[in-house]
Structures are given as C-alpha cells and as structure tokens.
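Data from upload.cif: mmCIF, C-alpha atoms and all ligand atoms
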```cif
data_upload
loop_
_atom_site.label_atom_id
_atom_site.label_comp_id
_atom_site.auth_asym_id
_atom_site.auth_seq_id
_atom_site.Cartn_x
_atom_site.Cartn_y
_atom_site.Cartn_z
CA MET A 1 -4.13 64.47 -151.12
CA GLU A 2 -5.40 65.66 -147.76
CA ASN A 3 -2.72 67.14 -145.54
CA ILE A 4 -2.00 64.78 -142.68
CA ASN A 5 0.40 65.69 -139.91
CA LEU A 6 1.74 62.98 -137.64
CA ALA A 7 4.00 65.14 -135.40
CA ASP A 8 1.83 64.53 -132.30
CA LYS A 9 1.49 60.80 -132.97
CA ILE A 10 5.26 60.56 -133.30
CA GLU A 11 5.78 62.33 -129.98
CA GLU A 12 3.24 60.08 -128.26
CA ARG A 13 4.02 56.74 -129.80
CA LEU A 14 7.68 56.44 -130.82
CA PRO A 15 9.94 54.87 -128.20
CA PRO A 16 11.52 57.66 -126.07
CA ARG A 17 15.01 56.55 -127.12
CA ALA A 18 14.05 57.05 -130.78
CA LEU A 19 12.74 60.56 -130.07
CA ILE A 20 16.04 61.49 -128.46
CA ALA A 21 17.98 60.09 -131.43
CA ILE A 22 15.78 61.96 -133.91
CA SER A 23 16.17 65.21 -132.03
CA ARG A 24 19.96 64.82 -131.92
CA ALA A 25 20.00 63.98 -135.64
CA GLN A 26 17.93 67.11 -136.36
CA GLY A 27 20.45 69.19 -134.38
CA LEU A 28 23.39 67.74 -136.32
CA LEU A 29 21.63 68.27 -139.66
CA GLU A 30 21.03 71.97 -138.91
CA LYS A 31 24.76 72.45 -139.25
CA ARG A 32 25.58 70.06 -142.07
CA GLY A 33 22.36 70.02 -144.15
CA GLY A 34 20.35 67.01 -145.32
CA LYS A 35 16.70 66.02 -144.95
CA LEU A 36 15.49 63.36 -142.59
CA PHE A 37 12.35 61.21 -142.81
CA LEU A 38 10.65 58.46 -140.89
CA ALA A 39 9.73 55.75 -143.41
CA GLY A 40 8.32 52.29 -144.01
CA GLY A 41 6.76 50.06 -141.37
CA ALA A 42 6.93 52.63 -138.57
CA VAL A 43 4.72 55.04 -140.54
CA ARG A 44 2.28 52.24 -141.40
CA ASP A 45 2.05 51.13 -137.79
CA LEU A 46 1.67 54.70 -136.48
CA LEU A 47 -1.27 55.19 -138.82
CA LEU A 48 -2.77 51.88 -137.72
CA ASP A 49 -2.27 52.75 -134.05
CA LYS A 50 -0.15 49.64 -133.62
CA PRO A 51 2.97 49.52 -131.45
CA VAL A 52 6.14 50.70 -133.16
CA TRP A 53 9.27 48.73 -132.23
CA ASP A 54 11.74 49.28 -135.03
CA VAL A 55 12.40 52.71 -136.45
CA ASP A 56 13.57 53.31 -140.03
CA LEU A 57 14.95 56.73 -140.84
CA VAL A 58 15.84 57.82 -144.36
CA LEU A 59 18.24 60.67 -145.01
CA GLU A 60 18.66 62.66 -148.19
CA GLY A 61 22.37 62.95 -147.45
CA ASP A 62 25.19 60.84 -146.01
CA ALA A 63 23.64 58.43 -143.49
CA MET A 64 26.95 56.73 -142.68
CA SER A 65 28.56 59.85 -141.25
CA LEU A 66 25.36 61.01 -139.51
CA ALA A 67 25.04 57.59 -137.84
CA THR A 68 28.67 57.67 -136.76
CA ASP A 69 28.20 61.11 -135.17
CA LEU A 70 24.94 60.04 -133.53
CA ALA A 71 26.69 57.07 -131.93
CA ASP A 72 29.55 59.22 -130.66
CA GLY A 73 29.68 59.11 -126.86
CA GLU A 74 26.55 56.93 -126.67
CA ASP A 75 26.14 53.44 -125.27
CA VAL A 76 25.08 52.04 -128.64
CA LYS A 77 26.19 49.31 -131.02
CA ILE A 78 26.64 50.68 -134.52
CA THR A 79 26.93 48.56 -137.68
CA LEU A 80 27.59 50.15 -141.07
CA HIS A 81 26.54 48.30 -144.24
CA LYS A 82 28.36 50.57 -146.65
CA PRO A 83 27.43 48.87 -149.96
CA PHE A 84 23.75 49.29 -149.00
CA LEU A 85 24.23 52.82 -147.57
CA THR A 86 22.62 51.64 -144.35
CA ALA A 87 23.62 52.06 -140.71
CA ASN A 88 22.07 50.15 -137.86
CA LEU A 89 22.10 51.62 -134.37
CA ARG A 90 21.15 49.37 -131.49
CA TRP A 91 20.57 50.77 -128.05
CA HIS A 92 19.64 48.00 -125.65
CA ASP A 93 15.92 48.65 -126.09
CA LEU A 94 15.80 50.18 -129.56
CA ASN A 95 16.72 49.12 -133.07
CA LEU A 96 17.11 52.06 -135.44
CA ASP A 97 18.08 51.93 -139.13
CA LEU A 98 19.43 55.07 -140.72
CA THR A 99 19.68 54.81 -144.50
CA THR A 100 20.76 57.15 -147.24
CA ALA A 101 17.80 57.66 -149.59
CA ARG A 102 18.52 55.22 -152.42
CA ARG A 103 17.90 54.48 -156.04
CA GLU A 104 18.01 50.83 -156.93
CA LYS A 105 18.73 48.74 -159.97
CA TYR A 106 18.18 45.02 -160.29
CA ALA A 107 20.97 43.50 -162.40
CA ARG A 108 18.66 40.54 -162.97
CA PRO A 109 15.37 39.44 -161.42
CA GLY A 110 15.79 38.10 -157.91
CA ALA A 111 19.32 39.47 -157.46
CA LEU A 112 20.03 41.87 -154.64
CA PRO A 113 19.81 45.37 -156.09
CA THR A 114 22.77 47.68 -156.62
CA VAL A 115 22.10 50.98 -154.88
CA ALA A 116 23.13 54.59 -155.39
CA PRO A 117 22.20 57.72 -153.39
CA GLY A 118 18.92 59.25 -154.54
CA SER A 119 15.96 61.32 -153.36
CA LEU A 120 13.24 60.28 -150.88
CA GLU A 121 10.98 59.85 -153.87
CA ASP A 122 13.44 57.36 -155.44
CA ASP A 123 13.61 55.56 -152.15
CA LEU A 124 9.86 55.22 -151.76
CA SER A 125 9.42 54.11 -155.36
CA ARG A 126 11.55 50.97 -154.79
CA ARG A 127 9.45 49.75 -151.86
CA ASP A 128 7.27 46.69 -151.78
CA PHE A 129 3.71 47.86 -151.07
CA SER A 130 1.85 51.16 -150.93
CA ILE A 131 1.23 50.73 -147.19
CA ASN A 132 5.01 50.45 -146.66
CA ALA A 133 5.91 53.27 -149.04
CA MET A 134 4.91 56.23 -146.90
CA ALA A 135 7.21 58.64 -145.08
CA VAL A 136 6.93 61.47 -142.58
CA SER A 137 9.07 64.57 -142.84
CA LEU A 138 11.19 65.33 -139.78
CA ASN A 139 12.38 68.70 -141.09
CA GLY A 140 11.75 72.23 -139.75
CA GLU A 141 8.37 73.68 -140.61
CA ASP A 142 7.50 70.58 -142.55
CA ASN A 143 7.87 68.42 -139.44
CA GLY A 144 5.25 65.66 -139.20
CA ARG A 145 3.87 65.95 -142.74
CA LEU A 146 2.84 62.63 -144.26
CA ILE A 147 4.33 61.91 -147.68
CA ASP A 148 2.23 59.37 -149.58
CA HIS A 149 2.87 59.18 -153.33
CA TYR A 150 1.30 55.75 -153.85
CA GLY A 151 -2.06 55.92 -152.13
CA GLY A 152 -0.85 54.14 -149.02
CA ILE A 153 -3.28 55.88 -146.70
CA ASP A 154 -6.26 54.97 -148.91
CA ASP A 155 -5.07 51.36 -149.01
CA LEU A 156 -4.74 51.32 -145.24
CA HIS A 157 -8.34 52.48 -145.00
CA SER A 158 -9.51 49.95 -147.59
CA LYS A 159 -7.35 47.24 -145.96
CA ILE A 160 -5.48 46.41 -149.13
CA VAL A 161 -1.95 45.17 -149.85
CA ARG A 162 -0.92 46.56 -153.23
CA ILE A 163 2.37 46.45 -155.13
CA LEU A 164 3.60 49.71 -156.63
CA HIS A 165 4.08 48.49 -160.17
CA GLU A 166 3.33 45.57 -162.44
CA LYS A 167 6.92 44.20 -162.40
CA SER A 168 7.34 44.27 -158.64
CA PHE A 169 7.22 40.52 -157.99
CA LYS A 170 9.46 39.88 -161.01
CA ASP A 171 12.08 42.25 -159.58
CA ASP A 172 11.94 40.57 -156.20
CA ALA A 173 9.82 37.50 -155.61
CA THR A 174 10.47 37.55 -151.83
CA ARG A 175 7.78 40.22 -151.89
CA MET A 176 5.24 37.44 -152.46
CA TRP A 177 5.94 36.05 -149.00
CA ARG A 178 5.94 39.58 -147.59
CA ALA A 179 2.58 40.32 -149.24
CA VAL A 180 0.94 37.28 -147.67
CA ARG A 181 2.55 38.00 -144.31
CA TYR A 182 1.15 41.55 -144.14
CA GLU A 183 -2.20 40.49 -145.55
CA GLN A 184 -2.68 37.89 -142.84
CA ARG A 185 -1.10 39.86 -139.99
CA LEU A 186 -3.22 42.93 -140.64
CA ASP A 187 -6.35 41.11 -141.81
CA PHE A 188 -6.09 42.89 -145.16
CA LYS A 189 -6.72 41.55 -148.68
CA LEU A 190 -4.35 41.40 -151.62
CA GLU A 191 -5.56 43.94 -154.17
CA ALA A 192 -6.99 42.07 -157.18
CA ARG A 193 -4.23 43.01 -159.66
CA THR A 194 -1.56 42.31 -157.04
CA GLU A 195 -2.97 38.81 -156.56
CA THR A 196 -3.06 38.25 -160.32
CA SER A 197 0.58 39.40 -160.65
CA LEU A 198 1.62 37.17 -157.79
CA LYS A 199 0.03 34.09 -159.31
CA ARG A 200 1.41 34.91 -162.74
CA ASP A 201 4.95 35.40 -161.41
CA LEU A 202 5.14 32.46 -158.99
CA GLY A 203 7.86 30.92 -161.16
CA MET A 204 10.11 33.88 -160.28
CA LEU A 205 10.54 32.38 -156.81
CA GLY A 206 13.07 30.15 -158.54
CA THR A 207 15.32 33.21 -158.99
CA ILE A 208 15.61 33.76 -155.22
CA THR A 209 18.42 32.22 -153.18
CA GLY A 210 17.51 29.76 -150.45
CA GLU A 211 18.90 32.09 -147.80
CA ARG A 212 16.58 34.92 -148.80
CA ILE A 213 13.50 32.66 -148.82
CA TRP A 214 14.44 31.24 -145.42
CA TYR A 215 14.87 34.78 -144.07
CA GLU A 216 11.29 35.57 -145.11
CA LEU A 217 10.03 32.26 -143.69
CA GLU A 218 11.69 32.96 -140.37
CA ARG A 219 9.77 36.22 -140.32
CA VAL A 220 6.57 34.31 -141.02
CA PHE A 221 7.35 32.09 -138.01
CA GLY A 222 7.86 35.27 -135.96
CA GLU A 223 4.22 36.27 -136.60
CA GLU A 224 1.58 35.76 -133.95
CA LEU A 225 -0.31 33.23 -136.13
CA PRO A 226 2.11 31.88 -138.75
CA GLU A 227 -0.35 29.16 -139.74
CA LYS A 228 -2.65 31.79 -141.25
CA VAL A 229 0.17 33.00 -143.49
CA LEU A 230 1.14 29.45 -144.48
CA MET A 231 -2.42 28.41 -145.27
CA ARG A 232 -2.89 31.42 -147.48
CA ALA A 233 0.53 30.79 -149.05
CA GLY A 234 -0.64 27.27 -149.83
CA GLN A 235 -3.83 28.57 -151.39
CA LEU A 236 -1.88 30.96 -153.64
CA GLY A 237 0.61 28.29 -154.71
CA LEU A 238 3.67 29.58 -152.81
CA LEU A 239 4.17 26.41 -150.75
CA GLU A 240 4.40 24.24 -153.82
CA TYR A 241 7.51 26.24 -154.76
CA LEU A 242 9.11 25.44 -151.42
CA ALA A 243 8.62 21.71 -151.74
CA PRO A 244 6.24 19.83 -153.98
CA GLY A 245 3.61 18.20 -151.81
CA LEU A 246 4.02 20.62 -148.91
CA ARG A 247 0.61 21.33 -147.37
CA ALA A 248 -0.68 23.73 -144.76
CA ASP A 249 -4.00 22.34 -143.59
CA ALA A 250 -6.29 22.25 -140.57
CA ARG A 251 -4.18 19.53 -138.96
CA MET A 252 -1.04 21.67 -139.19
CA GLU A 253 -3.04 24.57 -137.77
CA GLY A 254 -3.84 22.46 -134.70
CA TRP A 255 -0.18 21.46 -134.33
CA PHE A 256 0.96 25.08 -134.45
CA GLU A 257 -1.56 26.00 -131.75
CA ALA A 258 -0.35 23.10 -129.62
CA ALA A 259 3.28 24.19 -130.15
CA ARG A 260 2.41 27.65 -128.83
CA ARG A 261 0.62 26.26 -125.78
CA MET A 262 3.61 24.03 -125.08
CA SER A 263 6.16 26.85 -125.47
CA GLN A 264 4.46 29.41 -123.24
CA PRO A 265 5.51 32.00 -122.20
CA GLY A 266 8.00 31.84 -125.10
CA ASN A 267 7.53 31.37 -128.83
CA PRO A 268 7.93 27.91 -130.46
CA GLY A 269 10.59 29.30 -132.80
CA ALA A 270 11.36 28.66 -136.45
CA GLN A 271 12.81 25.17 -135.94
CA LEU A 272 9.78 23.66 -134.23
CA TYR A 273 7.37 25.34 -136.64
CA THR A 274 9.41 24.08 -139.61
CA ALA A 275 9.58 20.56 -138.17
CA LEU A 276 5.77 20.59 -137.92
CA LEU A 277 5.22 22.14 -141.34
CA THR A 278 7.38 19.44 -142.94
CA PHE A 279 6.32 16.60 -140.63
CA ASN A 280 4.41 14.69 -143.29
CA LEU A 281 7.02 15.00 -146.03
CA ASP A 282 8.93 11.91 -147.07
CA ASN A 283 12.73 11.81 -146.83
CA ARG A 284 13.29 12.88 -150.41
CA ALA A 285 11.04 15.88 -150.18
CA MET A 286 12.74 16.76 -146.90
CA ASP A 287 16.19 16.61 -148.49
CA ASN A 288 14.94 18.86 -151.28
CA ILE A 289 13.64 21.49 -148.93
CA VAL A 290 16.83 21.44 -146.83
CA GLN A 291 18.86 22.02 -149.97
CA ARG A 292 16.49 24.56 -151.44
CA LEU A 293 16.53 26.72 -148.31
CA LYS A 294 20.24 26.18 -147.61
CA LEU A 295 19.33 25.48 -144.01
CA ASN A 296 22.10 25.62 -141.42
CA ARG A 297 23.44 22.51 -139.73
CA ALA A 298 21.41 22.80 -136.54
CA THR A 299 18.09 23.20 -138.36
CA THR A 300 18.95 20.45 -140.85
CA GLN A 301 19.82 18.06 -138.04
CA THR A 302 16.59 18.87 -136.24
CA LEU A 303 14.49 18.21 -139.33
CA HIS A 304 16.26 14.95 -140.11
CA GLY A 305 16.03 13.98 -136.43
CA THR A 306 12.28 14.63 -136.47
CA GLN A 307 11.88 12.31 -139.45
CA GLU A 308 14.17 9.66 -137.98
CA LEU A 309 12.23 9.65 -134.72
CA LYS A 310 8.94 9.54 -136.62
CA SER A 311 10.12 6.28 -138.19
CA ARG A 312 11.21 4.86 -134.83
CA ARG A 313 8.40 5.99 -132.56
CA GLU A 314 6.54 2.68 -132.97
CA ALA A 315 9.02 1.40 -130.39
CA LEU A 316 7.43 3.78 -127.86
CA SER A 317 3.87 2.56 -128.34
CA VAL A 318 4.35 -0.77 -126.58
CA GLU A 319 3.59 -1.02 -122.90
CA PRO A 320 4.82 -1.62 -120.31
CA LEU A 321 8.08 0.08 -121.17
CA LYS A 322 10.81 0.74 -118.66
CA PRO A 323 11.88 4.38 -118.34
CA SER A 324 15.42 3.34 -119.32
CA SER A 325 14.07 1.84 -122.56
CA ILE A 326 12.24 5.09 -123.35
CA TYR A 327 15.42 6.99 -122.60
CA ARG A 328 17.49 4.77 -124.92
CA VAL A 329 15.11 5.40 -127.84
CA LEU A 330 15.11 9.16 -127.36
CA ASP A 331 18.59 9.98 -126.11
CA GLY A 332 20.48 11.92 -128.79
CA PHE A 333 17.41 13.44 -130.45
CA SER A 334 17.06 17.20 -130.14
CA GLU A 335 14.36 18.58 -127.89
CA VAL A 336 12.61 20.05 -130.94
CA ALA A 337 12.51 16.67 -132.70
CA VAL A 338 10.92 15.10 -129.61
CA ARG A 339 8.45 17.96 -129.23
CA ALA A 340 7.44 17.79 -132.90
CA ASN A 341 6.73 14.07 -132.58
CA LEU A 342 4.77 14.64 -129.41
CA ILE A 343 2.63 17.32 -131.02
CA ALA A 344 2.09 15.49 -134.31
CA GLY A 345 1.87 12.00 -132.83
CA ASP A 346 -1.40 10.11 -132.88
CA SER A 347 -0.72 7.26 -130.43
CA GLU A 348 -1.65 8.11 -126.89
CA LYS A 349 0.90 5.69 -125.42
CA THR A 350 3.74 7.08 -127.52
CA CYS A 351 2.81 10.62 -126.53
CA ARG A 352 2.74 9.70 -122.86
CA ASN A 353 6.26 8.29 -123.16
CA LEU A 354 7.54 11.27 -125.11
CA ARG A 355 6.13 13.57 -122.46
CA LEU A 356 7.69 11.55 -119.67
CA TYR A 357 11.06 11.88 -121.39
CA LEU A 358 10.69 15.64 -121.91
CA ASP A 359 9.41 16.39 -118.43
CA LYS A 360 11.57 14.05 -116.42
CA LEU A 361 13.79 11.36 -117.89
CA ARG A 362 16.10 13.62 -119.88
CA TYR A 363 17.13 15.42 -116.68
CA VAL A 364 18.08 12.27 -114.77
CA LYS A 365 21.81 12.07 -114.01
CA THR A 366 24.02 9.60 -112.20
CA SER A 367 25.63 10.80 -109.03
CA LEU A 368 28.98 9.14 -109.75
CA ASN A 369 31.08 10.44 -112.64
CA GLY A 370 33.80 8.84 -114.78
CA ASP A 371 36.71 10.00 -112.60
CA GLU A 372 35.07 8.54 -109.55
CA LEU A 373 34.51 5.22 -111.33
CA ILE A 374 38.26 5.09 -112.07
CA ALA A 375 38.97 5.84 -108.41
CA PHE A 376 36.68 2.92 -107.54
CA GLY A 377 38.79 0.69 -109.79
CA VAL A 378 36.84 0.61 -113.08
CA LYS A 379 39.28 0.25 -115.96
CA GLN A 380 39.83 3.38 -118.10
CA GLY A 381 38.41 3.17 -121.64
CA PRO A 382 35.07 1.97 -122.99
CA SER A 383 34.05 0.22 -119.77
CA ILE A 384 33.57 3.62 -118.13
CA LYS A 385 30.81 4.46 -120.61
CA THR A 386 29.23 1.02 -120.18
CA VAL A 387 29.19 1.26 -116.39
CA LEU A 388 27.88 4.82 -116.44
CA GLY A 389 25.13 3.58 -118.76
CA LEU A 390 24.20 0.79 -116.32
CA LEU A 391 24.09 3.24 -113.42
CA LEU A 392 21.95 5.64 -115.40
CA ASP A 393 19.52 2.87 -116.37
CA ALA A 394 19.26 1.91 -112.70
CA ARG A 395 18.57 5.55 -111.79
CA LEU A 396 15.95 5.90 -114.52
CA ASP A 397 14.20 2.72 -113.41
CA SER A 398 14.33 3.82 -109.74
CA GLU A 399 16.50 0.85 -108.78
CA VAL A 400 18.94 3.27 -107.16
CA SER A 401 18.15 6.66 -105.70
CA SER A 402 21.28 7.81 -103.89
CA ARG A 403 25.03 7.93 -104.23
CA GLU A 404 25.35 5.10 -101.74
CA ASP A 405 22.98 2.97 -103.83
CA GLU A 406 25.13 3.63 -106.88
CA ILE A 407 28.31 2.62 -105.04
CA ARG A 408 26.60 -0.56 -103.89
CA LEU A 409 25.49 -1.34 -107.44
CA LEU A 410 28.99 -0.59 -108.71
CA ARG A 411 30.43 -3.15 -106.29
CA GLN A 412 27.90 -5.75 -107.49
CA ILE A 413 28.81 -5.03 -111.12
CA SER A 414 32.56 -5.34 -110.34
CA LEU A 415 32.03 -8.63 -108.47
CA SER A 416 29.99 -10.15 -111.26
CA SER A 417 32.41 -9.13 -114.06
P1 LIG B 1 7.70 44.46 -140.01
O1 LIG B 1 6.58 45.06 -139.21
O2 LIG B 1 7.36 43.14 -140.57
O3 LIG B 1 9.05 44.52 -139.38
P2 LIG B 1 8.65 46.50 -141.76
O4 LIG B 1 7.76 47.29 -142.65
O5 LIG B 1 9.41 47.22 -140.72
O6 LIG B 1 7.71 45.38 -141.24
P3 LIG B 1 11.12 45.46 -142.88
O7 LIG B 1 11.28 44.13 -143.52
O8 LIG B 1 11.88 45.80 -141.67
O9 LIG B 1 9.58 45.65 -142.70
O10 LIG B 1 11.46 46.49 -144.01
C1 LIG B 1 11.43 47.90 -143.80
C2 LIG B 1 10.84 48.57 -145.04
O11 LIG B 1 11.71 48.32 -146.16
C3 LIG B 1 9.48 48.05 -145.45
O12 LIG B 1 8.45 48.75 -144.79
C4 LIG B 1 9.48 48.30 -146.93
O13 LIG B 1 9.16 49.64 -147.21
C5 LIG B 1 10.92 48.09 -147.32
N1 LIG B 1 11.20 46.73 -147.82
C6 LIG B 1 11.60 45.66 -147.10
N2 LIG B 1 11.78 44.60 -147.89
C7 LIG B 1 11.50 44.97 -149.13
C8 LIG B 1 11.52 44.33 -150.40
N3 LIG B 1 11.83 43.05 -150.53
N4 LIG B 1 11.19 45.07 -151.48
C9 LIG B 1 10.87 46.38 -151.35
N5 LIG B 1 10.82 47.04 -150.20
C10 LIG B 1 11.13 46.36 -149.10
#
```
Take the structure in the file and write it out as structure tokens.
Ligand code: ATP
Amino acid sequence: MENINLADKIEERLPPRALIAISRAQGLLEKRGGKLFLAGGAVRDLLLDKPVWDVDLVLEGDAMSLATDLADGEDVKITLHKPFLTANLRWHDLNLDLTTARREKYARPGALPTVAPGSLEDDLSRRDFSINAMAVSLNGEDNGRLIDHYGGIDDLHSKIVRILHEKSFKDDATRMWRAVRYEQRLDFKLEARTETSLKRDLGMLGTITGERIWYELERVFGEELPEKVLMRAGQLGLLEYLAPGLRADARMEGWFEAARRMSQPGNPGAQLYTALLTFNLDNRAMDNIVQRLKLNRATTQTLHGTQELKSRREALSVEPLKPSSIYRVLDGFSEVAVRANLIAGDSEKTCRNLRLYLDKLRYVKTSLNGDELIAFGVKQGPSIKTVLGLLLDARLDSEVSSREDEIRLLRQISLSS
C-alpha cells in the first residue's frame, strides 16, 4: 500500500474546534497512554475533498475518561453511552464522537451488537464499507498516516461501495439502506458482489426493528436528493420490504423537487417526504408501514391526515367556494398534510384553494376573544365556540374587517337569537 499522509489535509480541512480538541486529547494521552485515530466518514470525506462536519475519533484506550477530561472546564455538552463505549461531545458548532476501539459480536442477525474493547484493527473490521473503514493515525511520528486495511482508497478511486465480508448484510441489514445512500450521494456504484449479497439477503431486513429502519430512512431524507436513493432502493427491492406496493417513480421525483422548492430556504423534512412517498398507498398499506416503522404519534397523525384529506379534497374542487368553506374543510389538518396534498394534487382548483389556505386563510384570527364575548353578554359554554366560529367565518369572507365590525355583528347575532 502506498504511504499516504493526511496531516496537512487535517490541518486545513477539519473544523478549528476539532483541531483544538484533538490537540488537547494528544496532550492528555502523552501522560496516560493510548492511541488516537480519526476514523470513518471524516476520513472518507477528507480524501474526497468534501466538507467534514462530524468528527469520529477512535481511541485504543478508555474513551469515557478521556472524553470526561476533555470536557472539563469547556463549554460543551457531553453524553456518555457506556454500554457502547462511546462519548459524544457537542460544542455549539461541532459534533465529535470519541469511541473506545471495539470488537463486536452479533448475538443474532439484526440485533444490536455487544461490544468489548479491542484494537483499531478490530474496530475497522466491523465497519460497513471499505470507504468507511479507513483511519488516520493522530499519534507522534505516525501522525497523519492513512490506515487502510480493506482497499478503501482504491474503492474511492474506482467509485465503488463494497462490503467488507460476505455476511455483512446478514449481520446488519440496515447496511443495505446505507449502501444505497452512499452510492447515490457520491455517485458511486455498488460493487458487483456487494449488489449480489444485498439482493440475496433482502429478507434479512425482516430482522431489523422498525426504529432502526426509520433512523436510516430519516438519514435518506436528510440527503440532498433523497429521491435518487429511493428510486435505486425500489430497483433493488428494498422498498417492497417497507410496504408491499410502495413505489418510487418519476412522479414521486417531481413531488420531491416541488417539496424542496416550496420549503426553501429550509429542507422539506422527513414527514413531508414520507407523506409524499406513501401518498398513493391505500389505508391498509399505510397502517402496515406505520406499524412496521413504529412511527411516533406526530408522524403517524400526519400520514393519516394526508390520506384523510386526500379522500376529502373533492370538496375543494367546486367553485365558487367561500374562503370560510375552504377553511372548514382544512382546519385541523397539519400543515404537512395540506402541503402534501397540494404537491401531489392534480386538480388546479383544489390546489388553488389549498394554496390560499396555506398562504392566507390559516392565519386569519378574530379580534374578539372568548373572555370579551362573555363581557359582551354571550353565555358561557358551547355558545362561545359557536359565536367565535361565526365571527371567524365573517372575517374569512371579508364581511368584517375590524374590531368594531365584529362588535356590530355580535350585536346582530345577539338580537336575532
Ligand atoms: P455520513 O456522512 O452519512 O454522516 P458517516 O460515515 O459519518 O456518514 P455515520 O452513520 O455517522 O456515518 O457512522 C460513522 C461510521 O460508523 C461510518 O463511517 C461507518 O464506518 C460506521 N458505521 C455506521 N453504521 C454502521 C453499520 N450499520 N455497520 C457498520 N459500520 C457502521
């Protein structure tokens, strides 16, 4: 293997806060012993000249106590995950993981591994792909030396995503989603045997908990172009294991693009993307996916809301429709459910009404509140809600436009009741 030294790249490209932390760690280790390495995605991205945001450090030694000492006197949030031998340090602009080099055993396929302290070599051998299994020494004379036992640098040059061993996807089928995510993000290709293994072991996705699959999916939705990952996942058969009948096609691609345009300068987020991905599912398939992924209440409600609105949006395609009628159809649906129906809707009239609600109607408020209605003599109890509803309708339909108008209308309502 050619000798590659990344010391200069590290100095130039790692966030300054990370360089300070590394230098302090090196100082502490001089006294107590232990070898420190930069590992995983940061090494990959340094070699690809891509920005490095998160920094993973691996220590042959006790990472928990080193992390605790590093945090001492610093404005940093430290979290120790003792069973996994991992510490997370979060300065406001930097996320740094410091992990004891680990050996891993899988009690059964798909289970989270049990870990024990090991060497750097052990640690690299349990990683997902060759391009993620490289490290850089941060020790003394060795500082900056690239450690690449699995041909990661060659695979980076050949633009290949390759598992380290034949049983990799059996051990942990979440790696299938990771493989596709890196392949599409980096414009790489799955190595031929890796693709064969993936297809052969698709059934192992059944061994993974819903939470772990959802975690990987959320990371897919965090990508710049998640639709690329999902389309490839569909081609390889991964989507079918999420929900039978789930498709990622050119139409969904267009919806995702529209969601990004609509969310600028932000990101559409996992909920909107999921609502669009599952938009064409029927209720049963939707229930299955919610259960399979163990989705939280908010996301579940959004997905069900999207479906419910899809079945009711006919009511928005008739014209003319008063703004208050539009409001009554849409009030109570989450913003994401309305957005999803706007993006995936095919009736121009419906879309115009959905847009009107999102841009304007949902912000309309009455000037009078419940306490004031009581002061004006409205009886406490359900009539307050009814009268507030009438006032809001009048506001929405531009029949009143000021507090005085509302008071006048209130008097008319009281006289006529
Ligand atoms: P990203 O750029 O997507 O954040 P990353 O490489 O930093 O990529 P993480 O998910 O943060 O990815 O994981 C850090 C490292 O841990 C990876 O580079 C990889 O070496 C290893 N890793 C993560 N998940 C797995 C897994 N399921 N199996 C094996 N190794 C994994």
Taking a cut-off of 6 Å and counting only C-alpha atoms and all ligand atoms, can you build a table that, for each residue of chain A near ligand LIG 1 (chain B), reports the nearest atom pair and how far apart they are in Å (one decimal), sorted by chain then residue number, as CSV?
```
residue,atom,partner,partner_atom,distance
A:Gly40,CA,B:LIG1,O12,3.6
A:Gly41,CA,B:LIG1,O4,3.2
A:Arg126,CA,B:LIG1,C9,5.8
A:Arg127,CA,B:LIG1,N5,3.5
A:Asp128,CA,B:LIG1,C9,3.6
A:Asn132,CA,B:LIG1,O13,4.3
A:Ala133,CA,B:LIG1,O13,5.2
A:Thr174,CA,B:LIG1,N3,5.8
A:Arg175,CA,B:LIG1,N3,5.1
```
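Across the structure, CA of Phe169 in chain A and CA of Leu238 in chain A are spaced 12.6 Å apart.
A straight line drawn from CA of Leu236 in chain A to CA of Arg251 in chain A is 18.7 Å long.
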Residue contacts of range 330-338 of chain A (6 Å, only C-alpha atoms) excluding same-chain residues fewer than 4 positions away, as a PyMOL selection string: chain A and resi 272+302+305-306
For range 68-72 of chain A, I'd like the enclosing box, axis-aligned and padded by 8 Å on every side, reported as JSON with centre and edge lengths in Å to one decimal.
```
{"center_x": 27.2, "center_y": 59.1, "center_z": -133.7, "size_x": 20.6, "size_y": 20.0, "size_z": 22.1}
```
If we count only C-alpha atoms, what is near Ala179 in chain A at a cut-off of 8 Å, once residues fewer than 3 positions away on the same chain are taken out, given as an mmCIF file with C-alpha atoms, in the frame of the given file?
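The file below, around-v7.cif, is the result:
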```cif
data_model
loop_
_atom_site.group_PDB
_atom_site.id
_atom_site.type_symbol
_atom_site.label_atom_id
_atom_site.label_comp_id
_atom_site.auth_asym_id
_atom_site.auth_seq_id
_atom_site.Cartn_x
_atom_site.Cartn_y
_atom_site.Cartn_z
ATOM 1 C CA PHE A 129 3.710 47.860 -151.070
ATOM 2 C CA VAL A 161 -1.950 45.170 -149.850
ATOM 3 C CA ARG A 175 7.780 40.220 -151.890
ATOM 4 C CA MET A 176 5.240 37.440 -152.460
ATOM 5 C CA TYR A 182 1.150 41.550 -144.140
ATOM 6 C CA GLU A 183 -2.200 40.490 -145.550
ATOM 7 C CA LEU A 190 -4.350 41.400 -151.620
#
```
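Across the structure, CA of Met231 in chain A and CA of Asp172 in chain A are spaced 21.8 Å apart.
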